[in-house]
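**Q** File coords_37.pdb follows (PDB, C-alpha atoms and all ligand atoms):
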```pdb
ATOM      1  CA  MET N   1      19.850   7.874  -1.614
ATOM      2  CA  HIS N   2      18.377  11.302  -2.061
ATOM      3  CA  ASP N   3      18.594  14.072   0.480
ATOM      4  CA  ASP N   4      15.141  14.439   1.992
ATOM      5  CA  ARG N   5      15.973  17.699   3.789
ATOM      6  CA  ARG N   6      16.711  19.853   0.784
ATOM      7  CA  GLY N   7      14.877  23.155   0.717
ATOM      8  CA  PRO N   8      12.613  24.462  -2.041
ATOM      9  CA  LEU N   9      15.381  26.447  -3.698
ATOM     10  CA  ALA N  10      17.422  23.313  -4.207
ATOM     11  CA  VAL N  11      14.730  21.377  -6.114
ATOM     12  CA  PRO N  12      16.539  19.802  -9.046
ATOM     13  CA  GLN N  13      15.387  20.314 -12.637
ATOM     14  CA  LEU N  14      12.844  22.998 -11.744
ATOM     15  CA  ASP N  15      13.352  26.380 -13.332
ATOM     16  CA  ASP N  16      12.018  29.681 -11.964
ATOM     17  CA  ASP N  17       8.614  29.333 -13.682
ATOM     18  CA  ASP N  18       8.145  25.820 -12.314
ATOM     19  CA  MET N  19       9.191  26.953  -8.852
ATOM     20  CA  ALA N  20       6.685  29.822  -8.976
ATOM     21  CA  ALA N  21       3.884  27.468 -10.107
ATOM     22  CA  LEU N  22       4.807  24.949  -7.411
ATOM     23  CA  LEU N  23       4.932  27.539  -4.645
ATOM     24  CA  ALA N  24       1.545  28.935  -5.771
ATOM     25  CA  ALA N  25       0.062  25.419  -5.705
ATOM     26  CA  LEU N  26       1.586  24.722  -2.290
ATOM     27  CA  ALA N  27       0.237  27.937  -0.849
ATOM     28  CA  GLY N  28      -3.127  27.923  -2.644
ATOM     29  CA  GLY N  29      -4.327  24.337  -2.436
ATOM     30  CA  SER N  30      -5.678  22.372   0.457
ATOM     31  CA  SER N  31      -6.533  18.879  -0.834
ATOM     32  CA  ARG N  32      -4.626  16.038   0.804
ATOM     33  CA  VAL N  33      -3.131  14.659  -2.381
ATOM     34  CA  GLU N  34      -2.851  16.981  -5.357
ATOM     35  CA  HIS N  35      -1.510  16.414  -8.840
ATOM     36  CA  CYS N  36       0.342  19.474 -10.069
ATOM     37  CA  GLN N  37       1.317  19.894 -13.712
ATOM     38  CA  LEU N  38       4.401  22.075 -14.193
ATOM     39  CA  LYS N  39       5.808  23.150 -17.544
ATOM     40  CA  ASN N  40       7.784  20.005 -18.317
ATOM     41  CA  ARG N  41       6.873  17.602 -15.590
ATOM     42  CA  ALA N  42       4.207  16.578 -13.138
ATOM     43  CA  VAL N  43       4.604  16.476  -9.371
ATOM     44  CA  TRP N  44       2.363  15.481  -6.471
ATOM     45  CA  ILE N  45       1.745  17.527  -3.345
ATOM     46  CA  LYS N  46       0.867  15.474  -0.300
ATOM     47  CA  ARG N  47      -0.435  17.363   2.741
ATOM     48  CA  TYR N  48      -0.502  16.160   6.320
ATOM     49  CA  GLN N  49      -2.660  18.476   8.329
ATOM     50  CA  ARG N  50      -6.271  17.304   8.446
ATOM     51  CA  LEU N  51      -6.375  14.004  10.286
ATOM     52  CA  GLY N  52     -10.096  13.582  11.082
ATOM     53  CA  ALA N  53     -11.336  11.367  13.896
ATOM     54  CA  ARG N  54      -9.622   8.218  12.550
ATOM     55  CA  ILE N  55     -12.454   6.132  13.990
ATOM     56  CA  GLY N  56     -11.365   3.034  12.032
ATOM     57  CA  GLN N  57      -7.884   3.023  13.560
ATOM     58  CA  ARG N  58      -9.271   3.640  17.046
ATOM     59  CA  LEU N  59     -11.739   0.745  16.669
ATOM     60  CA  GLN N  60      -8.936  -1.470  15.387
ATOM     61  CA  TRP N  61      -6.880  -0.575  18.458
ATOM     62  CA  LEU N  62      -9.825  -1.429  20.712
ATOM     63  CA  ALA N  63     -10.381  -4.758  18.915
ATOM     64  CA  SER N  64      -6.704  -5.684  19.247
ATOM     65  CA  ARG N  65      -6.766  -4.859  22.983
ATOM     66  CA  LEU N  66     -10.001  -6.764  23.608
ATOM     67  CA  THR N  67      -9.000  -9.855  21.635
ATOM     68  CA  GLY N  68      -5.251  -9.772  22.306
ATOM     69  CA  VAL N  69      -4.728 -10.507  18.591
ATOM     70  CA  THR N  70      -1.377  -8.996  17.524
ATOM     71  CA  ILE N  71      -2.194  -8.930  13.818
ATOM     72  CA  LEU N  72      -4.969  -6.388  14.455
ATOM     73  CA  ARG N  73      -2.693  -3.856  16.115
ATOM     74  CA  PRO N  74      -2.873  -0.551  14.246
ATOM     75  CA  ALA N  75       0.244   1.510  13.666
ATOM     76  CA  PRO N  76       0.694   4.177  16.363
ATOM     77  CA  LEU N  77      -1.583   7.194  15.861
ATOM     78  CA  LEU N  78       0.761  10.009  14.909
ATOM     79  CA  ASP N  79       0.351  13.745  14.582
ATOM     80  CA  PRO N  80       0.743  15.290  11.089
ATOM     81  CA  GLN N  81       4.473  15.865  11.571
ATOM     82  CA  GLY N  82       4.908  12.267  12.698
ATOM     83  CA  MET N  83       3.010  11.008   9.645
ATOM     84  CA  LEU N  84       5.101  13.094   7.289
ATOM     85  CA  ASP N  85       8.295  11.869   8.994
ATOM     86  CA  ARG N  86       7.112   8.270   8.718
ATOM     87  CA  GLU N  87       6.421   8.618   4.990
ATOM     88  CA  VAL N  88       9.871  10.171   4.447
ATOM     89  CA  ARG N  89      11.557   7.470   6.529
ATOM     90  CA  GLN N  90       9.819   4.702   4.572
ATOM     91  CA  ILE N  91      10.578   6.296   1.198
ATOM     92  CA  ASN N  92      14.228   6.547   2.209
ATOM     93  CA  SER N  93      14.540   2.985   3.442
ATOM     94  CA  PHE N  94      12.793   1.603   0.340
ATOM     95  CA  SER N  95      15.002   3.556  -2.016
ATOM     96  CA  ALA N  96      18.145   2.713  -0.016
ATOM     97  CA  ALA N  97      17.265  -0.972  -0.532
ATOM     98  CA  GLY N  98      17.008  -0.393  -4.294
ATOM     99  CA  PHE N  99      13.209  -0.157  -4.674
ATOM    100  CA  LYS N 100      11.803   2.659  -6.748
ATOM    101  CA  THR N 101       9.766   5.214  -4.792
ATOM    102  CA  PRO N 102       8.880   8.851  -5.491
ATOM    103  CA  GLN N 103      11.718  11.294  -5.176
ATOM    104  CA  ILE N 104      11.162  13.877  -2.440
ATOM    105  CA  LEU N 105      11.485  17.203  -4.242
ATOM    106  CA  TYR N 106      10.526  19.350  -1.288
ATOM    107  CA  ARG N 107       9.877  18.663   2.354
ATOM    108  CA  GLY N 108       7.927  21.257   4.317
ATOM    109  CA  THR N 109       6.510  20.966   7.813
ATOM    110  CA  THR N 110       3.067  19.807   6.644
ATOM    111  CA  ALA N 111       3.569  18.934   2.982
ATOM    112  CA  LEU N 112       5.777  16.896   0.698
ATOM    113  CA  VAL N 113       6.306  17.415  -3.009
ATOM    114  CA  LEU N 114       6.965  14.117  -4.755
ATOM    115  CA  SER N 115       8.060  13.287  -8.273
ATOM    116  CA  HIS N 116       5.368  11.790 -10.536
ATOM    117  CA  LEU N 117       6.008   8.102 -11.137
ATOM    118  CA  GLY N 118       3.364   7.171 -13.697
ATOM    119  CA  LEU N 119      -0.032   5.494 -13.886
ATOM    120  CA  PRO N 120      -1.130   3.330 -10.922
ATOM    121  CA  VAL N 121      -1.502  -0.409 -11.550
ATOM    122  CA  SER N 122      -5.207  -0.151 -10.632
ATOM    123  CA  LYS N 123      -5.821   2.239 -13.552
ATOM    124  CA  GLN N 124      -3.825   0.016 -15.911
ATOM    125  CA  MET N 125      -5.971  -2.919 -14.789
ATOM    126  CA  GLY N 126      -9.117  -0.901 -15.407
ATOM    127  CA  ALA N 127      -8.047  -0.300 -19.007
ATOM    128  CA  LEU N 128      -7.387  -4.021 -19.610
ATOM    129  CA  ARG N 129     -10.335  -5.493 -17.727
ATOM    130  CA  ASP N 130     -12.738  -5.870 -20.650
ATOM    131  CA  LYS N 131     -10.268  -6.598 -23.414
ATOM    132  CA  ASP N 132      -7.248  -8.476 -22.092
ATOM    133  CA  ALA N 133      -7.843 -10.815 -19.144
ATOM    134  CA  ASP N 134      -4.307 -12.258 -19.388
ATOM    135  CA  GLY N 135      -2.704  -8.808 -19.269
ATOM    136  CA  HIS N 136      -5.026  -7.734 -16.458
ATOM    137  CA  ASP N 137      -4.187 -10.743 -14.284
ATOM    138  CA  ALA N 138      -0.484 -10.588 -15.138
ATOM    139  CA  LEU N 139      -0.460  -7.236 -13.335
ATOM    140  CA  LEU N 140      -1.839  -8.873 -10.177
ATOM    141  CA  VAL N 141       0.814 -11.603 -10.360
ATOM    142  CA  ARG N 142       3.511  -8.954 -10.802
ATOM    143  CA  CYS N 143       2.270  -7.108  -7.683
ATOM    144  CA  ALA N 144       2.564 -10.318  -5.645
ATOM    145  CA  ALA N 145       6.032 -11.087  -7.000
ATOM    146  CA  GLU N 146       7.252  -7.566  -6.203
ATOM    147  CA  LEU N 147       5.798  -7.769  -2.701
ATOM    148  CA  GLY N 148       7.789 -10.990  -2.240
ATOM    149  CA  ARG N 149      10.994  -9.221  -3.318
ATOM    150  CA  LEU N 150      10.244  -6.424  -0.900
ATOM    151  CA  HIS N 151       9.755  -8.902   1.941
ATOM    152  CA  ALA N 152      12.974 -10.690   1.030
ATOM    153  CA  ALA N 153      14.770  -7.361   1.520
ATOM    154  CA  GLY N 154      13.419  -7.158   5.093
ATOM    155  CA  LEU N 155      10.829  -4.474   4.264
ATOM    156  CA  CYS N 156       7.088  -4.279   4.681
ATOM    157  CA  HIS N 157       4.699  -2.025   2.735
ATOM    158  CA  GLY N 158       1.937  -1.733   5.313
ATOM    159  CA  ARG N 159      -1.044  -1.298   3.018
ATOM    160  CA  PRO N 160      -0.264  -2.889  -0.337
ATOM    161  CA  HIS N 161      -2.875  -2.106  -2.996
ATOM    162  CA  PRO N 162      -2.713  -1.840  -6.826
ATOM    163  CA  ARG N 163      -3.616   1.863  -6.600
ATOM    164  CA  ASP N 164      -0.393   2.497  -4.670
ATOM    165  CA  PHE N 165       1.814   0.528  -7.055
ATOM    166  CA  ILE N 166       3.013   1.924 -10.343
ATOM    167  CA  ILE N 167       4.534   0.160 -13.312
ATOM    168  CA  ASP N 168       6.197   2.595 -15.632
ATOM    169  CA  ASP N 169       8.145   1.390 -18.634
ATOM    170  CA  GLY N 170       8.287  -2.045 -17.019
ATOM    171  CA  GLU N 171       9.680  -0.679 -13.774
ATOM    172  CA  PHE N 172       7.765  -1.340 -10.564
ATOM    173  CA  CYS N 173       7.405   1.492  -8.027
ATOM    174  CA  PHE N 174       5.952   1.700  -4.509
ATOM    175  CA  LEU N 175       3.873   4.569  -3.118
ATOM    176  CA  ASP N 176       2.022   5.596   0.022
ATOM    177  CA  PHE N 177       3.736   4.486   3.211
ATOM    178  CA  GLU N 178       1.256   5.599   5.783
ATOM    179  CA  GLU N 179       1.184   2.421   7.790
ATOM    180  CA  GLU N 180       4.098   0.848   9.576
ATOM    181  CA  PRO N 181       2.856  -2.431  11.099
ATOM    182  CA  ALA N 182       6.426  -3.630  11.676
ATOM    183  CA  ALA N 183       6.589  -0.939  14.404
ATOM    184  CA  VAL N 184       3.942  -2.764  16.446
ATOM    185  CA  MET N 185       4.416  -6.464  15.567
ATOM    186  CA  PRO N 186       7.213  -8.812  14.498
ATOM    187  CA  LEU N 187       8.414  -8.231  10.929
ATOM    188  CA  ALA N 188       7.330 -11.674   9.651
ATOM    189  CA  MET N 189       3.817 -11.070  10.970
ATOM    190  CA  ALA N 190       3.670  -7.576   9.489
ATOM    191  CA  GLN N 191       4.759  -9.026   6.130
ATOM    192  CA  ALA N 192       2.154 -11.813   6.418
ATOM    193  CA  ARG N 193      -0.416  -9.055   7.019
ATOM    194  CA  ASP N 194       0.816  -7.401   3.797
ATOM    195  CA  VAL N 195       0.116 -10.642   1.914
ATOM    196  CA  TRP N 196      -3.413 -10.917   3.296
ATOM    197  CA  LEU N 197      -4.091  -7.250   2.440
ATOM    198  CA  LEU N 198      -2.819  -7.680  -1.121
ATOM    199  CA  PHE N 199      -4.895 -10.834  -1.571
ATOM    200  CA  LEU N 200      -8.022  -8.880  -0.603
ATOM    201  CA  GLN N 201      -7.446  -7.350  -4.039
ATOM    202  CA  ILE N 202      -5.963 -10.301  -5.925
ATOM    203  CA  ALA N 203      -8.529 -12.927  -4.899
ATOM    204  CA  SER N 204     -11.494 -10.651  -5.612
ATOM    205  CA  ARG N 205     -10.253  -8.971  -8.802
ATOM    206  CA  ALA N 206      -8.650 -11.880 -10.651
ATOM    207  CA  LEU N 207     -10.482 -12.602 -13.898
ATOM    208  CA  LYS N 208      -9.015 -16.101 -14.341
ATOM    209  CA  PRO N 209      -9.419 -18.857 -11.740
ATOM    210  CA  GLU N 210      -5.725 -19.800 -11.735
ATOM    211  CA  THR N 211      -4.495 -16.255 -11.009
ATOM    212  CA  PRO N 212      -4.514 -16.347  -7.169
ATOM    213  CA  ASP N 213      -2.398 -19.525  -7.285
ATOM    214  CA  ARG N 214       0.037 -17.967  -9.745
ATOM    215  CA  ALA N 215       0.262 -14.848  -7.592
ATOM    216  CA  PHE N 216       0.816 -16.822  -4.403
ATOM    217  CA  VAL N 217       3.563 -18.911  -6.023
ATOM    218  CA  ALA N 218       5.193 -15.717  -7.336
ATOM    219  CA  TRP N 219       5.152 -14.127  -3.868
ATOM    220  CA  LYS N 220       6.442 -17.280  -2.185
ATOM    221  CA  LEU N 221       9.259 -17.763  -4.636
ATOM    222  CA  ALA N 222      10.872 -14.551  -3.443
ATOM    223  CA  ALA N 223       9.599 -14.183   0.132
ATOM    224  CA  PRO N 224      11.350 -15.341   3.320
ATOM    225  CA  ALA N 225      10.292 -18.780   4.613
ATOM    226  CA  GLU N 226       9.440 -17.347   8.052
ATOM    227  CA  THR N 227       6.858 -15.030   6.485
ATOM    228  CA  ALA N 228       5.121 -18.027   4.873
ATOM    229  CA  VAL N 229       5.095 -19.659   8.329
ATOM    230  CA  ALA N 230       3.676 -16.462   9.900
ATOM    231  CA  LEU N 231       0.982 -16.381   7.206
ATOM    232  CA  SER N 232      -0.121 -19.918   8.001
ATOM    233  CA  GLN N 233      -0.240 -18.901  11.682
ATOM    234  CA  ILE N 234      -2.445 -15.840  11.167
ATOM    235  CA  MET N 235      -4.910 -17.382   8.688
ATOM    236  CA  PRO N 236      -6.851 -19.482  11.242
ATOM    237  CA  PHE N 237      -7.796 -16.243  13.037
ATOM    238  CA  PHE N 238      -9.333 -14.781   9.862
ATOM    239  CA  ALA N 239     -10.806 -18.169   8.879
ATOM    240  CA  ARG N 240     -12.804 -18.254  12.116
ATOM    241  CA  LEU N 241     -14.558 -15.081  10.963
ATOM    242  CA  LEU N 242     -15.543 -16.620   7.592
ATOM    243  CA  PRO N 243     -18.947 -18.038   8.643
ATOM    244  CA  LEU N 244     -19.939 -14.640  10.062
ATOM    245  CA  ALA N 245     -18.707 -12.843   6.935
ATOM    246  CA  ARG N 246     -20.637 -15.266   4.696
ATOM    247  CA  PHE N 247     -23.754 -14.760   6.772
ATOM    248  CA  LEU N 248     -23.421 -10.962   6.549
ATOM    249  CA  LEU N 249     -22.866 -11.248   2.792
ATOM    250  CA  ARG N 250     -26.296 -12.826   2.442
ATOM    251  CA  ILE N 251     -27.827  -9.784   4.130
ATOM    252  CA  GLN N 252     -25.713  -7.128   2.473
ATOM    253  CA  ASN N 253     -23.534  -7.454  -0.605
ATOM    254  CA  GLY N 254     -20.673  -5.174   0.517
ATOM    255  CA  GLN N 255     -17.423  -5.060  -1.479
ATOM    256  CA  ASP N 256     -15.302  -5.284   1.686
ATOM    257  CA  LEU N 257     -17.073  -8.492   2.681
ATOM    258  CA  VAL N 258     -16.649  -9.958  -0.807
ATOM    259  CA  ARG N 259     -12.906  -9.205  -0.628
ATOM    260  CA  PHE N 260     -12.586 -10.559   2.890
ATOM    261  CA  VAL N 261     -14.260 -13.856   1.969
ATOM    262  CA  ALA N 262     -12.331 -14.273  -1.301
ATOM    263  CA  ALA N 263      -8.899 -13.569   0.267
ATOM    264  CA  THR N 264      -9.462 -15.502   3.467
ATOM    265  CA  ASP N 265     -10.920 -18.492   1.646
ATOM    266  CA  TYR N 266      -8.058 -18.588  -0.813
ATOM    267  CA  LEU N 267      -5.184 -18.031   1.636
ATOM    268  CA  THR N 268      -6.589 -20.463   4.206
ATOM    269  CA  SER N 269      -6.517 -23.303   1.711
ATOM    270  CA  ALA N 270      -3.238 -22.184   0.091
ATOM    271  CA  THR N 271      -1.448 -22.094   3.461
ATOM    272  CA  GLN N 272      -2.967 -25.424   4.518
ATOM    273  CA  SER N 273      -1.792 -27.158   1.370
ATOM    274  CA  GLN N 274       1.746 -25.745   1.783
ATOM    275  CA  SER N 275       2.197 -27.213   5.278
TER     276      SER N 275
HETATM  277  N1  LIG N 301       4.350  10.270  -6.826
HETATM  278  C1  LIG N 301       3.244   9.823  -7.411
HETATM  279  N2  LIG N 301       3.267   9.377  -8.687
HETATM  280  C2  LIG N 301       2.128   8.935  -9.288
HETATM  281  N3  LIG N 301       0.926   8.889  -8.687
HETATM  282  C3  LIG N 301       0.830   9.322  -7.409
HETATM  283  C4  LIG N 301       1.973   9.806  -6.704
HETATM  284  N4  LIG N 301       1.582  10.158  -5.453
HETATM  285  C5  LIG N 301       0.259   9.913  -5.396
HETATM  286  N5  LIG N 301      -0.204   9.407  -6.563
HETATM  287  C6  LIG N 301      -1.606   9.018  -6.869
HETATM  288  O1  LIG N 301      -2.461   9.551  -5.867
HETATM  289  C7  LIG N 301      -3.077   8.502  -5.124
HETATM  290  C8  LIG N 301      -3.185   8.906  -3.657
HETATM  291  O2  LIG N 301      -1.887   9.117  -3.099
HETATM  292  P1  LIG N 301      -1.407   8.337  -1.812
HETATM  293  O3  LIG N 301       0.001   8.699  -1.534
HETATM  294  O4  LIG N 301      -1.692   6.883  -1.995
HETATM  295  O5  LIG N 301      -2.336   8.955  -0.668
HETATM  296  P2  LIG N 301      -3.580   8.356   0.127
HETATM  297  O6  LIG N 301      -3.124   8.366   1.526
HETATM  298  O7  LIG N 301      -4.684   9.289  -0.144
HETATM  299  O8  LIG N 301      -3.880   6.953  -0.336
HETATM  300  C9  LIG N 301      -2.218   7.268  -5.358
HETATM  301  O9  LIG N 301      -2.955   6.069  -5.190
HETATM  302  C10 LIG N 301      -1.764   7.497  -6.805
HETATM  303  O10 LIG N 301      -2.792   7.137  -7.697
HETATM  304 MG    MG N 302      -2.903   5.453  -1.215
END
```
Reformat the file's structure so that it appears as C-alpha cells.

**A**
Amino acid sequence: MHDDRRGPLAVPQLDDDDMAALLAALAGGSSRVEHCQLKNRAVWIKRYQRLGARIGQRLQWLASRLTGVTILRPAPLLDPQGMLDREVRQINSFSAAGFKTPQILYRGTTALVLSHLGLPVSKQMGALRDKDADGHDALLVRCAAELGRLHAAGLCHGRPHPRDFIIDDGEFCFLDFEEEPAAVMPLAMAQARDVWLLFLQIASRALKPETPDRAFVAWKLAAPAETAVALSQIMPFFARLLPLARFLLRIQNGQDLVRFVAATDYLTSATQSQS
C-alpha cells in the first residue's frame, strides 16, 4: 500500500523540473480535473473546492426520505476535505485488496495529484464502435466481470461507468470514488446498486443482442450470492417505474430515460429467470 500522506518533496520519480511544472500547475489551474503533462510522464490533478448546489443529491435524499426506499439513499453530503478524504480512503482500500487504482503522488488540503493510468474504457469503446463490434462489446463484458471480482472482495465502486475504468496493457484499473453507498446501506444492496448503474451503460451501449447476458453471467460468476439476491430484491422497485419511463420516452427521447428502460428491462427479466 502506498503512503497517502507523503508531501510534495517526496514525490517519487519526479525530478526538479517536473516538480516545478507540477507546482506551477497546482497553483495556476482551477479546473476540477486536470491532465498535466510533465517531462516524462502524465499526472492528473483533482481539486475539491467548488461543490455547487448539488441539487441532484439533495433531491435524491428527499426522494429516499419520502419513499423510504433504501436504495435511493445518497452518500452523505461532505465538505471538500471530506470528499478528498473519502477518495483517498477508497483508493487505499481498493489497492490494499489488490485492485489497481491511481497512485497518490501528492495530497494537499484541496487537491490530489494522481498517477496517469491510461485511456478510459469509454474512449476505447468509442474507437471500436464502428469497426469492431466484438471488441467493443468484449470491453463491456470485461467491466462486468471486474465489477464482480470487486464485489467478491467485499468492495463497492459507487458509480461504476466505463469512463472511470481503464484497461492498460490488459490490466484493469478503477478510478473516481466519489460515492460511498455502502456507508448508507447494507453492502449487498450497495453492490446491487453498482450492478444496476453499470447496466445503465451495458444494456444501452451493447452492439450485439447477446452482450447483456454475457456481461451478467460474467458478473455473477465472480460476485457474492447475497448480492445477486439483493439485486433481485431491488429490481421490482425500478420495474414499477418502467411504464412511467416508457411514457416519458414517447414525449422526450432523453438518453437517461433510454438507459433506465434498457437496464431495468434487462435486469428485471435476468433476475426473474435466475430465481
Ligand atoms: N489517474 C487517471 N488516469 C487516467 N485518466 C484519469 C485519471 N484521473 C482522471 N482521469 C480522467 O478524467 C476523467 C474525470 O476524472 P474523475 O476522477 O472521474 O472525476 P469526475 O468526478 O469529474 O468524474 C476520468 O473519467 C478519466 O477519463
Ligand atoms: Mg468520473

**Q** Mind telling me what the PyMOL selection byres (((not hetatm)) within 9 of (chain N and resi 302)) catches here, as a list in words?

**A** Arg159, Pro160, His161, Arg163, Asp164, Phe165, Leu175, Asp176, Phe177 and Glu178 of chain N

**Q** Can you write out the residues you just picked, keeping C-alpha atoms, as a compact mmCIF listing (two decimals), keeping the file's coordinate frame?

**A**
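This went into selection_17.txt:
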```txt
# COMPACT_ATOMS: atom_id res chain seq x y z
CA ARG N 159 -1.04 -1.30 3.02
CA PRO N 160 -0.26 -2.89 -0.34
CA HIS N 161 -2.88 -2.11 -3.00
CA ARG N 163 -3.62 1.86 -6.60
CA ASP N 164 -0.39 2.50 -4.67
CA PHE N 165 1.81 0.53 -7.06
CA LEU N 175 3.87 4.57 -3.12
CA ASP N 176 2.02 5.60 0.02
CA PHE N 177 3.74 4.49 3.21
CA GLU N 178 1.26 5.60 5.78
```

**Q** Taking all atoms listed in the file into account, which residues are within 7 Å of ligand LIG 301 (chain N), as an NGL selection string?

**A** :N and (32-33 or 43-44 or 46 or 102 or 114-120 or 163-164 or 175-176 or 178)

**Q** Between N:Ala97, N:Arg73, N:Gly108, N:Gly254, single out the one closest to Val184 (chain N), counting only C-alpha atoms.

**A**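 Using only C-alpha atoms, Val184 (chain N) sits closest to N:Arg73.
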
**Q** When you look at region 78-83 of chain N with a cut-off of 9 Å (counting all atoms listed in the file), what residues show up, excluding the ones that are within fewer than 2 positions of it in the same chain? I need them as a ChimeraX atom specification.

**A** /N:47-51,75-76,85-88,109-110,178-179

**Q** Looking at only C-alpha atoms, which of N:Leu249, N:Ala239, N:Leu244, N:Val121 is the one that sits closest to Ala263 (chain N)?

**A** N:Ala239

**Q** Record the distance separating CA of Gln60 (chain N) and CA of Trp196 (chain N), expressed in Å with one decimal.

**A**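 The value is 16.3 Å.
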
**Q** So which residues touch Ala203 (chain N) within 12 Å, counting only C-alpha atoms, skipping near sequence neighbours fewer than 4 positions away, as a PDB file with C-alpha atoms, in the coordinates of the input?

**A**
```pdb
ATOM      1  CA  ASP N 137      -4.187 -10.743 -14.284  1.00  0.00           C
ATOM      2  CA  LEU N 140      -1.839  -8.873 -10.177  1.00  0.00           C
ATOM      3  CA  VAL N 141       0.814 -11.603 -10.360  1.00  0.00           C
ATOM      4  CA  ALA N 144       2.564 -10.318  -5.645  1.00  0.00           C
ATOM      5  CA  VAL N 195       0.116 -10.642   1.914  1.00  0.00           C
ATOM      6  CA  TRP N 196      -3.413 -10.917   3.296  1.00  0.00           C
ATOM      7  CA  LEU N 197      -4.091  -7.250   2.440  1.00  0.00           C
ATOM      8  CA  LEU N 198      -2.819  -7.680  -1.121  1.00  0.00           C
ATOM      9  CA  PHE N 199      -4.895 -10.834  -1.571  1.00  0.00           C
ATOM     10  CA  LEU N 207     -10.482 -12.602 -13.898  1.00  0.00           C
ATOM     11  CA  LYS N 208      -9.015 -16.101 -14.341  1.00  0.00           C
ATOM     12  CA  PRO N 209      -9.419 -18.857 -11.740  1.00  0.00           C
ATOM     13  CA  GLU N 210      -5.725 -19.800 -11.735  1.00  0.00           C
ATOM     14  CA  THR N 211      -4.495 -16.255 -11.009  1.00  0.00           C
ATOM     15  CA  PRO N 212      -4.514 -16.347  -7.169  1.00  0.00           C
ATOM     16  CA  ASP N 213      -2.398 -19.525  -7.285  1.00  0.00           C
ATOM     17  CA  ARG N 214       0.037 -17.967  -9.745  1.00  0.00           C
ATOM     18  CA  ALA N 215       0.262 -14.848  -7.592  1.00  0.00           C
ATOM     19  CA  PHE N 216       0.816 -16.822  -4.403  1.00  0.00           C
ATOM     20  CA  VAL N 258     -16.649  -9.958  -0.807  1.00  0.00           C
ATOM     21  CA  ARG N 259     -12.906  -9.205  -0.628  1.00  0.00           C
ATOM     22  CA  PHE N 260     -12.586 -10.559   2.890  1.00  0.00           C
ATOM     23  CA  VAL N 261     -14.260 -13.856   1.969  1.00  0.00           C
ATOM     24  CA  ALA N 262     -12.331 -14.273  -1.301  1.00  0.00           C
ATOM     25  CA  ALA N 263      -8.899 -13.569   0.267  1.00  0.00           C
ATOM     26  CA  THR N 264      -9.462 -15.502   3.467  1.00  0.00           C
ATOM     27  CA  ASP N 265     -10.920 -18.492   1.646  1.00  0.00           C
ATOM     28  CA  TYR N 266      -8.058 -18.588  -0.813  1.00  0.00           C
ATOM     29  CA  LEU N 267      -5.184 -18.031   1.636  1.00  0.00           C
ATOM     30  CA  THR N 268      -6.589 -20.463   4.206  1.00  0.00           C
ATOM     31  CA  ALA N 270      -3.238 -22.184   0.091  1.00  0.00           C
TER      32      ALA N 270
END
```

**Q** Restricting the calculation to all atoms listed in the file, which member of N:Leu139, N:Leu257, N:Gly28, N:Ala188 is positioned closest to Ala127 (chain N)?

**A** N:Leu139

**Q** At the level of N, CA, C and O atoms, write region 62-71 of chain N to a file as a PDB file, in the first residue's frame, please.

**A**
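Dumped to decode16.pdb:
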```
ATOM      1  N   LEU N  62     -34.252  13.648  -0.632  1.00  0.00           N
ATOM      2  CA  LEU N  62     -35.667  13.906  -0.364  1.00  0.00           C
ATOM      3  C   LEU N  62     -36.502  12.705  -0.825  1.00  0.00           C
ATOM      4  O   LEU N  62     -37.391  12.232  -0.089  1.00  0.00           O
ATOM      5  N   ALA N  63     -36.190  12.197  -2.031  1.00  0.00           N
ATOM      6  CA  ALA N  63     -36.960  11.058  -2.563  1.00  0.00           C
ATOM      7  C   ALA N  63     -36.803   9.843  -1.656  1.00  0.00           C
ATOM      8  O   ALA N  63     -37.776   9.126  -1.381  1.00  0.00           O
ATOM      9  N   SER N  64     -35.594   9.616  -1.143  1.00  0.00           N
ATOM     10  CA  SER N  64     -35.396   8.437  -0.289  1.00  0.00           C
ATOM     11  C   SER N  64     -36.156   8.601   1.026  1.00  0.00           C
ATOM     12  O   SER N  64     -36.706   7.654   1.565  1.00  0.00           O
ATOM     13  N   ARG N  65     -36.217   9.848   1.546  1.00  0.00           N
ATOM     14  CA  ARG N  65     -36.962  10.080   2.791  1.00  0.00           C
ATOM     15  C   ARG N  65     -38.462   9.928   2.567  1.00  0.00           C
ATOM     16  O   ARG N  65     -39.177   9.345   3.379  1.00  0.00           O
ATOM     17  N   LEU N  66     -38.947  10.454   1.430  1.00  0.00           N
ATOM     18  CA  LEU N  66     -40.392  10.419   1.179  1.00  0.00           C
ATOM     19  C   LEU N  66     -40.875   9.000   0.899  1.00  0.00           C
ATOM     20  O   LEU N  66     -41.955   8.604   1.313  1.00  0.00           O
ATOM     21  N   THR N  67     -40.046   8.231   0.167  1.00  0.00           N
ATOM     22  CA  THR N  67     -40.492   6.890  -0.230  1.00  0.00           C
ATOM     23  C   THR N  67     -40.045   5.827   0.768  1.00  0.00           C
ATOM     24  O   THR N  67     -40.574   4.717   0.768  1.00  0.00           O
ATOM     25  N   GLY N  68     -39.036   6.138   1.577  1.00  0.00           N
ATOM     26  CA  GLY N  68     -38.485   5.131   2.488  1.00  0.00           C
ATOM     27  C   GLY N  68     -37.692   4.055   1.750  1.00  0.00           C
ATOM     28  O   GLY N  68     -37.394   3.003   2.298  1.00  0.00           O
ATOM     29  N   VAL N  69     -37.323   4.323   0.481  1.00  0.00           N
ATOM     30  CA  VAL N  69     -36.593   3.322  -0.298  1.00  0.00           C
ATOM     31  C   VAL N  69     -35.082   3.461  -0.055  1.00  0.00           C
ATOM     32  O   VAL N  69     -34.475   4.467  -0.423  1.00  0.00           O
ATOM     33  N   THR N  70     -34.498   2.438   0.574  1.00  0.00           N
ATOM     34  CA  THR N  70     -33.080   2.490   0.974  1.00  0.00           C
ATOM     35  C   THR N  70     -32.144   2.688  -0.213  1.00  0.00           C
ATOM     36  O   THR N  70     -31.160   3.420  -0.120  1.00  0.00           O
ATOM     37  N   ILE N  71     -32.466   2.022  -1.319  1.00  0.00           N
ATOM     38  CA  ILE N  71     -31.562   2.043  -2.476  1.00  0.00           C
ATOM     39  C   ILE N  71     -31.339   3.459  -3.013  1.00  0.00           C
ATOM     40  O   ILE N  71     -30.334   3.749  -3.643  1.00  0.00           O
TER      41      ILE N  71
END
```
